[in-house]
$ cat run-v5.csv   # CSV, C-alpha atoms
chain,number,residue,atom,x,y,z
S,246,MET,CA,-22.6,1.1,7.4
S,247,THR,CA,-20.7,2.4,4.3
S,248,THR,CA,-19.2,5.9,4.0
S,249,ARG,CA,-17.3,7.4,1.1
S,250,VAL,CA,-14.2,9.7,1.4
S,251,ALA,CA,-13.2,10.7,-2.1
S,252,ASP,CA,-13.3,7.3,-3.9
S,253,VAL,CA,-12.5,5.2,-0.8
S,254,VAL,CA,-15.5,3.3,0.5
S,255,GLN,CA,-15.3,2.6,4.2
S,256,VAL,CA,-17.3,-0.5,5.0
S,257,GLN,CA,-18.4,-1.4,8.6
S,258,ALA,CA,-20.9,-4.1,9.3
S,259,GLN,CA,-21.8,-6.6,12.0
S,260,ALA,CA,-23.7,-9.8,12.3
S,261,SER,CA,-26.3,-10.4,9.6
S,262,ASP,CA,-25.7,-6.9,8.1
S,263,VAL,CA,-22.7,-8.3,6.3
S,264,GLU,CA,-25.0,-10.4,4.1
S,265,SER,CA,-26.4,-7.4,2.2
S,266,LEU,CA,-23.1,-6.0,1.1
S,267,HIS,CA,-22.7,-8.0,-2.1
S,268,ASP,CA,-26.3,-7.6,-3.1
S,269,ARG,CA,-25.9,-3.8,-2.7
S,270,GLY,CA,-22.9,-3.9,-5.0
S,271,VAL,CA,-20.5,-2.8,-2.2
S,272,THR,CA,-18.2,-5.9,-2.1
S,273,TRP,CA,-17.0,-8.2,-4.9
S,274,VAL,CA,-18.0,-11.4,-3.1
S,275,GLU,CA,-20.7,-12.6,-0.6
S,276,PHE,CA,-20.1,-12.6,3.1
S,277,LYS,CA,-22.0,-14.6,5.8
S,278,PRO,CA,-21.6,-14.5,9.5
S,279,MET,CA,-20.1,-17.7,11.0
S,280,PRO,CA,-22.2,-19.4,13.7
S,281,ASP,CA,-21.3,-19.0,17.4
S,282,VAL,CA,-18.6,-16.3,16.9
S,283,ALA,CA,-18.6,-12.5,16.9
S,284,CYS,CA,-18.9,-11.2,13.3
S,285,SER,CA,-17.7,-7.8,12.1
S,286,ILE,CA,-16.2,-6.2,9.0
S,287,ASP,CA,-14.2,-3.0,9.0
S,288,PHE,CA,-12.3,-2.3,5.8
S,289,GLY,CA,-11.8,0.3,3.0
S,290,LEU,CA,-12.4,-0.4,-0.7
S,291,ARG,CA,-11.2,1.3,-3.8
S,292,LYS,CA,-12.8,0.1,-7.1
S,293,PHE,CA,-11.6,1.3,-10.4
S,294,PRO,CA,-12.0,-0.1,-14.0
S,295,ASP,CA,-8.3,-1.0,-14.0
S,296,PHE,CA,-8.0,-2.7,-10.6
S,297,GLY,CA,-9.4,-2.8,-7.1
S,298,LEU,CA,-7.9,-2.6,-3.5
S,299,LEU,CA,-9.2,-3.7,-0.2
S,300,SER,CA,-7.5,-2.9,3.2
S,301,GLY,CA,-8.8,-3.8,6.6
S,302,THR,CA,-10.1,-6.4,9.0
S,303,VAL,CA,-12.8,-9.1,9.2
S,304,ARG,CA,-13.8,-11.4,12.0
S,305,GLY,CA,-16.3,-14.3,12.3
S,306,VAL,CA,-17.0,-14.1,8.5
S,307,ARG,CA,-17.4,-16.7,5.8
S,308,HIS,CA,-16.4,-15.3,2.4
S,309,GLU,CA,-18.2,-17.2,-0.3
S,310,HIS,CA,-17.7,-17.2,-4.0
S,311,ALA,CA,-19.5,-19.6,-6.3
S,312,ARG,CA,-18.7,-19.7,-10.0
S,313,ARG,CA,-21.6,-18.4,-12.0
S,314,ASP,CA,-22.0,-19.2,-15.7
S,315,SER,CA,-23.6,-15.9,-16.3
S,316,GLY,CA,-21.6,-15.0,-19.4
S,317,ASP,CA,-20.5,-11.7,-17.7
S,318,GLY,CA,-16.9,-12.5,-18.4
S,319,ASP,CA,-15.8,-12.1,-14.8
S,320,ASP,CA,-12.6,-14.0,-14.8
S,321,ASP,CA,-10.4,-11.5,-12.9
S,322,PHE,CA,-7.9,-12.5,-10.2
S,323,SER,CA,-7.7,-11.4,-6.6
S,324,PHE,CA,-4.5,-11.6,-4.7
S,325,HIS,CA,-5.0,-12.0,-0.9
S,326,MET,CA,-2.3,-11.0,1.6
S,327,ASN,CA,-3.1,-12.4,5.1
S,328,LEU,CA,-1.2,-10.0,7.3
S,329,ARG,CA,-2.4,-11.2,10.7
S,330,GLY,CA,-4.8,-14.0,11.8
S,331,LEU,CA,-5.9,-17.3,10.2
S,332,SER,CA,-7.8,-17.7,7.0
S,333,LEU,CA,-9.1,-21.2,6.1
S,334,VAL,CA,-9.5,-21.5,2.3
S,335,THR,CA,-11.5,-24.4,0.8
S,336,GLY,CA,-11.5,-25.0,-2.9
S,337,ARG,CA,-10.6,-27.6,-5.5
S,338,ARG,CA,-7.3,-28.4,-3.8
S,339,GLY,CA,-9.0,-29.1,-0.4
S,340,GLU,CA,-8.4,-26.9,2.7
S,341,THR,CA,-5.5,-24.6,3.1
S,342,THR,CA,-4.6,-22.4,6.1
S,343,LEU,CA,-3.1,-19.0,5.5
S,344,ARG,CA,-1.2,-17.7,8.5
S,345,ASP,CA,0.5,-14.4,9.4
S,346,GLY,CA,2.2,-13.1,6.2
S,347,ASP,CA,1.0,-15.8,3.8
S,348,ALA,CA,-0.8,-15.0,0.5
S,349,MET,CA,-2.9,-16.7,-2.2
S,350,LEU,CA,-4.0,-16.0,-5.7
S,351,LEU,CA,-7.7,-16.6,-6.3
S,352,SER,CA,-9.7,-16.5,-9.6
S,353,TYR,CA,-13.3,-15.2,-9.8
S,354,SER,CA,-14.0,-18.0,-12.3
S,355,VAL,CA,-13.2,-20.6,-9.6
S,356,SER,CA,-15.4,-21.4,-6.6
S,357,ARG,CA,-13.9,-21.1,-3.1
S,358,THR,CA,-14.9,-20.4,0.5
S,359,ILE,CA,-12.7,-18.6,3.1
S,360,ASP,CA,-13.5,-18.9,6.8
S,361,ARG,CA,-12.1,-16.3,9.2
S,362,PRO,CA,-13.3,-17.2,12.7
S,363,GLN,CA,-11.0,-14.7,14.5
S,364,LEU,CA,-9.8,-11.3,13.6
S,365,VAL,CA,-7.9,-11.1,10.3
S,366,ASP,CA,-6.1,-8.1,8.9
S,367,HIS,CA,-5.6,-8.5,5.2
S,368,ARG,CA,-5.1,-6.7,1.9
S,369,VAL,CA,-6.7,-7.7,-1.4
S,370,ILE,CA,-5.7,-6.7,-4.9
S,371,ARG,CA,-8.2,-7.3,-7.8
S,372,LEU,CA,-6.4,-7.5,-11.2
S,373,SER,CA,-7.7,-8.2,-14.6
S,374,ARG,CA,-6.8,-11.5,-16.3
S,375,ALA,CA,-5.8,-9.6,-19.5
S,376,LEU,CA,-3.1,-7.7,-17.6
S,377,LEU,CA,-1.8,-10.4,-15.3
S,378,SER,CA,-2.0,-13.7,-17.2
S,379,PRO,CA,0.6,-12.8,-19.9
S,380,LEU,CA,3.2,-12.3,-17.2
S,381,VAL,CA,3.0,-15.7,-15.4
S,382,ARG,CA,3.4,-19.2,-16.9
S,383,ASN,CA,0.4,-21.4,-16.3
S,384,ILE,CA,-1.3,-18.8,-14.1
S,385,ASP,CA,-4.4,-20.9,-13.4
S,386,ASP,CA,-2.2,-23.5,-11.9
S,387,ALA,CA,-1.0,-20.9,-9.4
S,388,THR,CA,-4.5,-20.3,-7.9
S,389,LEU,CA,-5.5,-21.6,-4.5
S,390,ARG,CA,-1.9,-22.4,-3.6
S,391,ARG,CA,-0.5,-21.0,-0.4
S,392,ILE,CA,2.3,-18.5,-0.9
S,393,PRO,CA,4.5,-18.6,2.3
S,394,ARG,CA,5.5,-15.3,3.9
S,395,GLY,CA,8.8,-14.0,2.6
S,396,THR,CA,8.2,-15.3,-0.9
S,397,GLY,CA,9.2,-13.0,-3.8
S,398,MET,CA,7.9,-9.5,-3.6
S,399,LEU,CA,5.3,-10.1,-0.8
S,400,ARG,CA,6.7,-7.6,1.7
S,401,LEU,CA,7.3,-5.0,-1.0
S,402,LEU,CA,3.9,-5.6,-2.4
S,403,ARG,CA,2.2,-5.1,0.9
S,404,ASN,CA,4.0,-1.8,1.5
S,405,TYR,CA,3.2,-0.6,-2.0
S,406,VAL,CA,-0.5,-1.3,-1.5
S,407,ASP,CA,-0.5,0.6,1.8
S,408,ALA,CA,1.3,3.5,0.1
S,409,VAL,CA,-1.0,3.9,-2.8
S,410,PHE,CA,-4.3,3.0,-1.1
S,411,GLU,CA,-5.3,6.5,-0.3
S,412,ASP,CA,-3.2,8.3,-2.9
S,413,PRO,CA,-5.4,11.0,-4.5
S,414,ALA,CA,-3.3,10.7,-7.7
S,415,LEU,CA,-5.4,7.5,-8.5
S,416,ALA,CA,-8.2,9.9,-9.6
S,417,SER,CA,-6.2,10.1,-12.8
S,418,PRO,CA,-6.9,7.3,-15.4
S,419,GLN,CA,-3.2,7.5,-16.5
S,420,MET,CA,-1.9,7.0,-13.0
S,421,ARG,CA,-4.3,4.1,-12.4
S,422,ARG,CA,-3.1,2.3,-15.5
S,423,LEU,CA,0.5,2.8,-14.3
S,424,VAL,CA,-0.3,1.5,-10.8
S,425,ALA,CA,-2.3,-1.4,-12.2
S,426,ALA,CA,0.8,-2.4,-14.3
S,427,GLN,CA,3.1,-2.0,-11.3
S,428,LEU,CA,0.9,-4.2,-9.1
S,429,CYS,CA,0.8,-6.8,-11.8
S,430,ASP,CA,4.6,-6.7,-12.0
S,431,LEU,CA,4.9,-7.4,-8.2
S,432,VAL,CA,2.3,-10.1,-8.1
S,433,ALA,CA,3.8,-11.8,-11.2
S,434,VAL,CA,7.3,-11.9,-9.8
S,435,THR,CA,5.9,-13.4,-6.5
S,436,LEU,CA,4.0,-16.1,-8.5
S,437,GLY,CA,6.8,-16.8,-10.9
S,438,ALA,CA,7.0,-14.4,-13.8
S,439,THR,CA,8.4,-15.1,-17.2
S,440,ARG,CA,11.9,-14.0,-17.9
S,441,ASP,CA,10.7,-11.1,-20.1
S,442,ALA,CA,8.1,-10.1,-17.4
S,443,ILE,CA,10.8,-10.0,-14.7
S,444,ALA,CA,13.0,-7.7,-16.9
S,445,VAL,CA,10.0,-5.4,-17.3
S,446,ALA,CA,9.1,-5.5,-13.6
S,447,GLU,CA,12.7,-4.6,-12.5
S,448,GLY,CA,12.4,-1.3,-14.4
S,449,ARG,CA,8.7,-0.6,-13.6
S,450,GLY,CA,6.8,-2.2,-10.7
S,451,ILE,CA,9.7,-3.2,-8.5
S,452,ARG,CA,11.5,0.1,-9.0
S,453,ALA,CA,8.3,2.1,-8.2
S,454,ALA,CA,7.5,0.0,-5.1
S,455,ARG,CA,11.0,0.2,-3.8
S,456,LEU,CA,11.1,4.0,-4.3
S,457,ARG,CA,7.8,4.4,-2.5
S,458,ALA,CA,9.1,2.2,0.4
S,459,ILE,CA,12.3,4.2,0.6
S,460,LYS,CA,10.5,7.5,0.7
S,461,GLY,CA,8.2,6.2,3.4
S,462,ASP,CA,11.3,5.1,5.4
S,463,ILE,CA,12.8,8.5,5.0
S,464,GLU,CA,9.6,10.2,6.3
S,465,ALA,CA,9.7,7.9,9.3
S,466,HIS,CA,13.3,8.7,10.1
S,467,LEU,CA,13.6,12.4,9.1
S,468,SER,CA,14.7,13.5,12.6
S,469,ALA,CA,17.4,10.8,12.8
S,470,SER,CA,21.0,12.2,12.7
S,471,ASP,CA,22.2,9.0,10.9
S,472,LEU,CA,19.7,9.2,8.0
S,473,SER,CA,21.8,8.2,5.0
S,474,PRO,CA,21.7,6.0,2.0
S,475,SER,CA,23.7,3.4,3.9
S,476,ALA,CA,21.3,3.3,6.8
S,477,VAL,CA,18.2,3.1,4.5
S,478,ALA,CA,19.9,0.5,2.3
S,479,LYS,CA,20.6,-1.7,5.3
S,480,ARG,CA,17.0,-1.6,6.5
S,481,HIS,CA,15.8,-2.6,3.0
S,482,GLN,CA,18.6,-5.1,2.3
S,483,ILE,CA,19.6,-3.4,-0.9
S,484,SER,CA,22.8,-1.5,-2.0
S,485,ASP,CA,23.6,2.2,-1.5
S,486,SER,CA,24.1,2.5,-5.2
S,487,TYR,CA,20.7,1.1,-6.0
S,488,ILE,CA,19.1,3.8,-3.8
S,489,ARG,CA,21.1,6.5,-5.5
S,490,LYS,CA,20.0,5.2,-9.0
S,491,LEU,CA,16.3,5.2,-7.9
S,492,PHE,CA,16.5,8.9,-7.0
S,493,GLU,CA,18.6,9.8,-10.1
S,494,SER,CA,15.7,8.3,-12.2
S,495,GLU,CA,13.5,11.0,-10.8
S,496,GLY,CA,16.1,13.7,-11.6
S,497,THR,CA,17.1,14.3,-8.0
S,498,SER,CA,19.3,12.7,-5.3
S,499,PHE,CA,18.8,11.1,-1.9
S,500,SER,CA,20.2,14.2,-0.1
S,501,GLN,CA,18.1,16.6,-2.1
S,502,PHE,CA,14.9,14.6,-1.3
S,503,VAL,CA,15.8,14.4,2.4
S,504,LEU,CA,16.5,18.2,2.5
S,505,GLY,CA,13.2,19.0,0.8
S,506,ARG,CA,11.2,16.8,3.2
S,507,ARG,CA,13.0,18.2,6.3
S,508,LEU,CA,12.3,21.8,5.1
S,509,GLU,CA,8.6,20.9,4.5
S,510,ARG,CA,8.3,19.4,8.0
S,511,ALA,CA,9.8,22.5,9.5
S,512,ARG,CA,7.5,24.7,7.5
S,513,ARG,CA,4.4,22.8,8.7
S,514,MET,CA,5.5,23.1,12.3
S,515,LEU,CA,6.3,26.8,12.0
S,516,THR,CA,2.9,27.5,10.6
S,517,ASP,CA,0.9,25.3,13.0
S,518,PRO,CA,-1.2,27.6,15.2
S,519,GLY,CA,-1.0,25.0,18.0
S,520,TRP,CA,2.8,25.6,18.5
S,521,PRO,CA,3.2,29.4,18.6
S,522,GLN,CA,5.6,29.3,21.5
S,523,ARG,CA,7.9,26.6,20.2
S,524,SER,CA,11.4,27.9,19.5
S,525,ILE,CA,12.7,27.9,15.9
S,526,ALA,CA,15.8,26.0,17.1
S,527,SER,CA,13.6,23.2,18.6
S,528,ILE,CA,11.6,23.0,15.3
S,529,ALA,CA,14.8,22.8,13.3
S,530,PHE,CA,16.3,20.0,15.4
S,531,ASP,CA,13.0,18.0,15.3
S,532,ALA,CA,12.9,18.3,11.5
S,533,GLY,CA,16.4,16.7,11.4
S,534,PHE,CA,18.7,19.7,11.1
S,535,GLY,CA,21.8,19.6,13.3
S,536,ASP,CA,23.0,23.1,12.5
S,537,LEU,CA,20.7,26.0,13.1
S,538,SER,CA,22.6,28.4,10.8
S,539,TYR,CA,22.4,25.9,8.0
S,540,PHE,CA,18.7,25.5,8.6
S,541,ASN,CA,18.0,29.2,8.5
S,542,ARG,CA,20.1,29.6,5.4
S,543,THR,CA,18.5,26.8,3.4
S,544,PHE,CA,15.0,27.6,4.6
S,545,ARG,CA,15.3,31.2,3.3
S,546,HIS,CA,16.8,30.0,0.0
S,547,PHE,CA,14.0,27.4,-0.4
S,548,TYR,CA,10.9,29.5,0.6
S,549,GLY,CA,12.2,33.1,0.2
S,550,LEU,CA,11.5,33.9,3.8
S,551,LYS,CA,13.4,33.5,7.0
S,552,PRO,CA,11.8,30.9,9.4
S,553,SER,CA,10.8,33.8,11.8
S,554,GLU,CA,9.2,35.7,8.8
S,555,MET,CA,7.3,32.6,7.7
S,556,ARG,CA,5.9,32.2,11.2
S,557,ARG,CA,4.8,35.8,11.5
S,558,ALA,CA,3.3,35.8,8.0
S,559,MET,CA,1.1,32.8,8.9
S,560,MET,CA,0.0,33.8,12.4
S,561,PRO,CA,-3.2,35.9,13.0

$ encode --input "run-v5.csv" --output "structure tokens"
Amino acid sequence: MTTRVADVVQVQAQASDVESLHDRGVTWVEFKPMPDVACSIDFGLRKFPDFGLLSGTVRGVRHEHARRDSGDGDDDFSFHMNLRGLSLVTGRRGETTLRDGDAMLLSYSVSRTIDRPQLVDHRVIRLSRALLSPLVRNIDDATLRRIPRGTGMLRLLRNYVDAVFEDPALASPQMRRLVAAQLCDLVAVTLGATRDAIAVAEGRGIRAARLRAIKGDIEAHLSASDLSPSAVAKRHQISDSYIRKLFESEGTSFSQFVLGRRLERARRMLTDPGWPQRSIASIAFDAGFGDLSYFNRTFRHFYGLKPSEMRRAMMP
């Protein structure tokens, strides 16, 4: 079964149904059920002219790709991140096992087979050769080699893929081109980018991915009383000053961003019809405000209404 939400294609298939996906143009490669094991696919796909993303799980599936001399010019790369489970890759270098956190660069111009007998949670990035190859020395030599967990930008890359996967901003061709370049930066640094490419990546792909990761961290810790540049920097193993510079590059500050997100969280709770009896003080504290007077003052300044007035205005 395939369903589409915006431009995200959700793919769910079991047993022999997985074999028709490639013929129907749903997937980039062919899948076949492995014998004597349960077979299922459950992942999302986003396909664009600039790049492609896959996020989800497979089980009991053989992923086959045979080089075809069809003259269609399909020499793109795919970067596979094996988050959980075992993937057995067979190609010109023999058999390689990808374990939790490992990754591998594959080329669509090179044959390979990947067996995943048990459940594997993975992410795949499809990138054009024209964009990626200038950034990496001898890029074809980097294909079909296991990239151990913790190498280069792997963790940051995974977080960035998850952050942009359902981003509606990718409907814009300009945003897609920017994200494709940023993904290339992160993959290239992980593989071994040229000196010039590293310099570009530091100011483009790495910066964008770190900022996304930090904003996601802030969202996850909005109610924490100790939410500070130091606390976030420690979790991401970077410096406080680097975090400040990232926000300055967007014309704001860490504290301004946190305040805006806390106010927005409070506004959503105040206008949620499912919580009409919840006190404003409780909402303020859950949103991360330790001082009710400060919350009331900043909320009115930001939205032009007191919290109580906002609630009354939105309730039937």

$ residues_around --input "run-v5.csv" --residues "S:Phe502" --least-positions-apart "6" --cutoff "10 Å" --atoms "all atoms listed in the file" --output "number ranges by chain"
S: 460, 463, 492, 508

$ write_last_selection --input "run-v5.csv" --atoms "C-alpha atoms" --output "mmCIF file, in the frame of the given file"
data_model
loop_
_atom_site.group_PDB
_atom_site.id
_atom_site.type_symbol
_atom_site.label_atom_id
_atom_site.label_comp_id
_atom_site.auth_asym_id
_atom_site.auth_seq_id
_atom_site.Cartn_x
_atom_site.Cartn_y
_atom_site.Cartn_z
ATOM 1 C CA LYS S 460 10.500 7.500 0.700
ATOM 2 C CA ILE S 463 12.800 8.500 5.000
ATOM 3 C CA PHE S 492 16.500 8.900 -7.000
ATOM 4 C CA LEU S 508 12.300 21.800 5.100
#

$ closest_atom_pairs --input "run-v5.csv" --of "stretch 274-327 of chain S" --to "stretch 259-268 of chain S" --cutoff "7 Å" --atoms "all atoms listed in the file" --output "CSV"
residue,atom,partner,partner_atom,distance
S:Val274,CA,S:His267,CA,5.9
S:Glu275,CA,S:His267,CA,5.2
S:Phe276,CA,S:Glu264,CA,5.5
S:Lys277,CA,S:Glu264,CA,5.4
S:Pro278,CA,S:Ala260,CA,5.9
S:Cys284,CA,S:Ala260,CA,5.1
S:Ser285,CA,S:Gln259,CA,4.3
S:Ile286,CA,S:Gln259,CA,6.4

$ closest_residue --input "run-v5.csv" --among "S:Leu343, S:Ala426, S:Ile525, S:Ala416" --to "S:Asn327" --atoms "all atoms listed in the file"
S:Leu343

$ residues_around --input "run-v5.csv" --residues "stretch 528-534 of chain S" --least-positions-apart "5" --cutoff "7 Å" --atoms "all atoms listed in the file" --output "mmCIF file with C-alpha atoms, keeping the file's coordinate frame"
data_model
loop_
_atom_site.group_PDB
_atom_site.id
_atom_site.type_symbol
_atom_site.label_atom_id
_atom_site.label_comp_id
_atom_site.auth_asym_id
_atom_site.auth_seq_id
_atom_site.Cartn_x
_atom_site.Cartn_y
_atom_site.Cartn_z
ATOM 1 C CA LEU S 467 13.600 12.400 9.100
ATOM 2 C CA SER S 468 14.700 13.500 12.600
ATOM 3 C CA ALA S 469 17.400 10.800 12.800
ATOM 4 C CA SER S 470 21.000 12.200 12.700
ATOM 5 C CA ARG S 507 13.000 18.200 6.300
ATOM 6 C CA ARG S 510 8.300 19.400 8.000
ATOM 7 C CA ALA S 511 9.800 22.500 9.500
ATOM 8 C CA MET S 514 5.500 23.100 12.300
ATOM 9 C CA PHE S 540 18.700 25.500 8.600
#

$ residues_around --input "run-v5.csv" --residues "stretch 363-369 of chain S" --least-positions-apart "6" --cutoff "9 Å" --atoms "only C-alpha atoms" --output "list in words"
Val282, Ala283, Cys284, Ser285, Gly297, Leu298, Leu299, Ser300, Gly301, Thr302, Val303, Arg304, Gly305, Val306, Ser323, Phe324, His325, Met326, Asn327, Leu328, Arg329, Gly330, Leu331, Ser332, Arg403, Val406 and Asp407 of chain S

$ atom_distance --input "run-v5.csv" --atom1 "atom CA of S:Leu333" --atom2 "atom CA of S:Ser373"
24.5 Å

$ closest_residue --input "run-v5.csv" --among "S:Thr439, S:Gln522, S:Ser378, S:Thr388" --to "S:Ser352" --atoms "all atoms listed in the file"
S:Thr388

$ residues_around --input "run-v5.csv" --residues "stretch 546-553 of chain S" --least-positions-apart "3" --cutoff "10 Å" --atoms "only C-alpha atoms" --output "compact mmCIF listing (two decimals) with C-alpha atoms, keeping the file's coordinate frame"
# COMPACT_ATOMS: atom_id res chain seq x y z
CA LEU S 504 16.50 18.20 2.50
CA GLY S 505 13.20 19.00 0.80
CA LEU S 508 12.30 21.80 5.10
CA GLU S 509 8.60 20.90 4.50
CA ALA S 511 9.80 22.50 9.50
CA ARG S 512 7.50 24.70 7.50
CA LEU S 515 6.30 26.80 12.00
CA THR S 516 2.90 27.50 10.60
CA SER S 524 11.40 27.90 19.50
CA ILE S 525 12.70 27.90 15.90
CA ALA S 526 15.80 26.00 17.10
CA ILE S 528 11.60 23.00 15.30
CA ALA S 529 14.80 22.80 13.30
CA PHE S 540 18.70 25.50 8.60
CA ASN S 541 18.00 29.20 8.50
CA ARG S 542 20.10 29.60 5.40
CA THR S 543 18.50 26.80 3.40
CA ARG S 556 5.90 32.20 11.20
CA ARG S 557 4.80 35.80 11.50
CA ALA S 558 3.30 35.80 8.00

$ residues_near_point --input "run-v5.csv" --point "(-4.6, -17.3, -2.6)" --cutoff "7 Å" --atoms "all atoms listed in the file" --output "PyMOL selection string"
chain S and resi 324-325+348-351+388-391

$ residues_around --input "run-v5.csv" --residues "S:Leu372" --least-positions-apart "3" --cutoff "8 Å" --atoms "only C-alpha atoms" --output "list in words"
Asp295, Phe296, Gly297, Asp321, Phe322, Ser323, Phe324, Leu376, Leu377, Ala425 and Cys429 of chain S

$ atom_distance --input "run-v5.csv" --atom1 "atom CA of S:Asp430" --atom2 "atom CA of S:Glu340"
28.2 Å

$ closest_residue --input "run-v5.csv" --among "S:Ser417, S:Leu290, S:Lys479, S:Met398" --to "S:Ala446" --atoms "all atoms listed in the file"
S:Met398

$ atom_distance --input "run-v5.csv" --atom1 "atom CA of S:Leu423" --atom2 "atom CA of S:Ala453"
9.9 Å

$ closest_residue --input "run-v5.csv" --among "S:Val432, S:Val477, S:Ile384, S:Ile392" --to "S:Thr342" --atoms "all atoms listed in the file"
S:Ile392
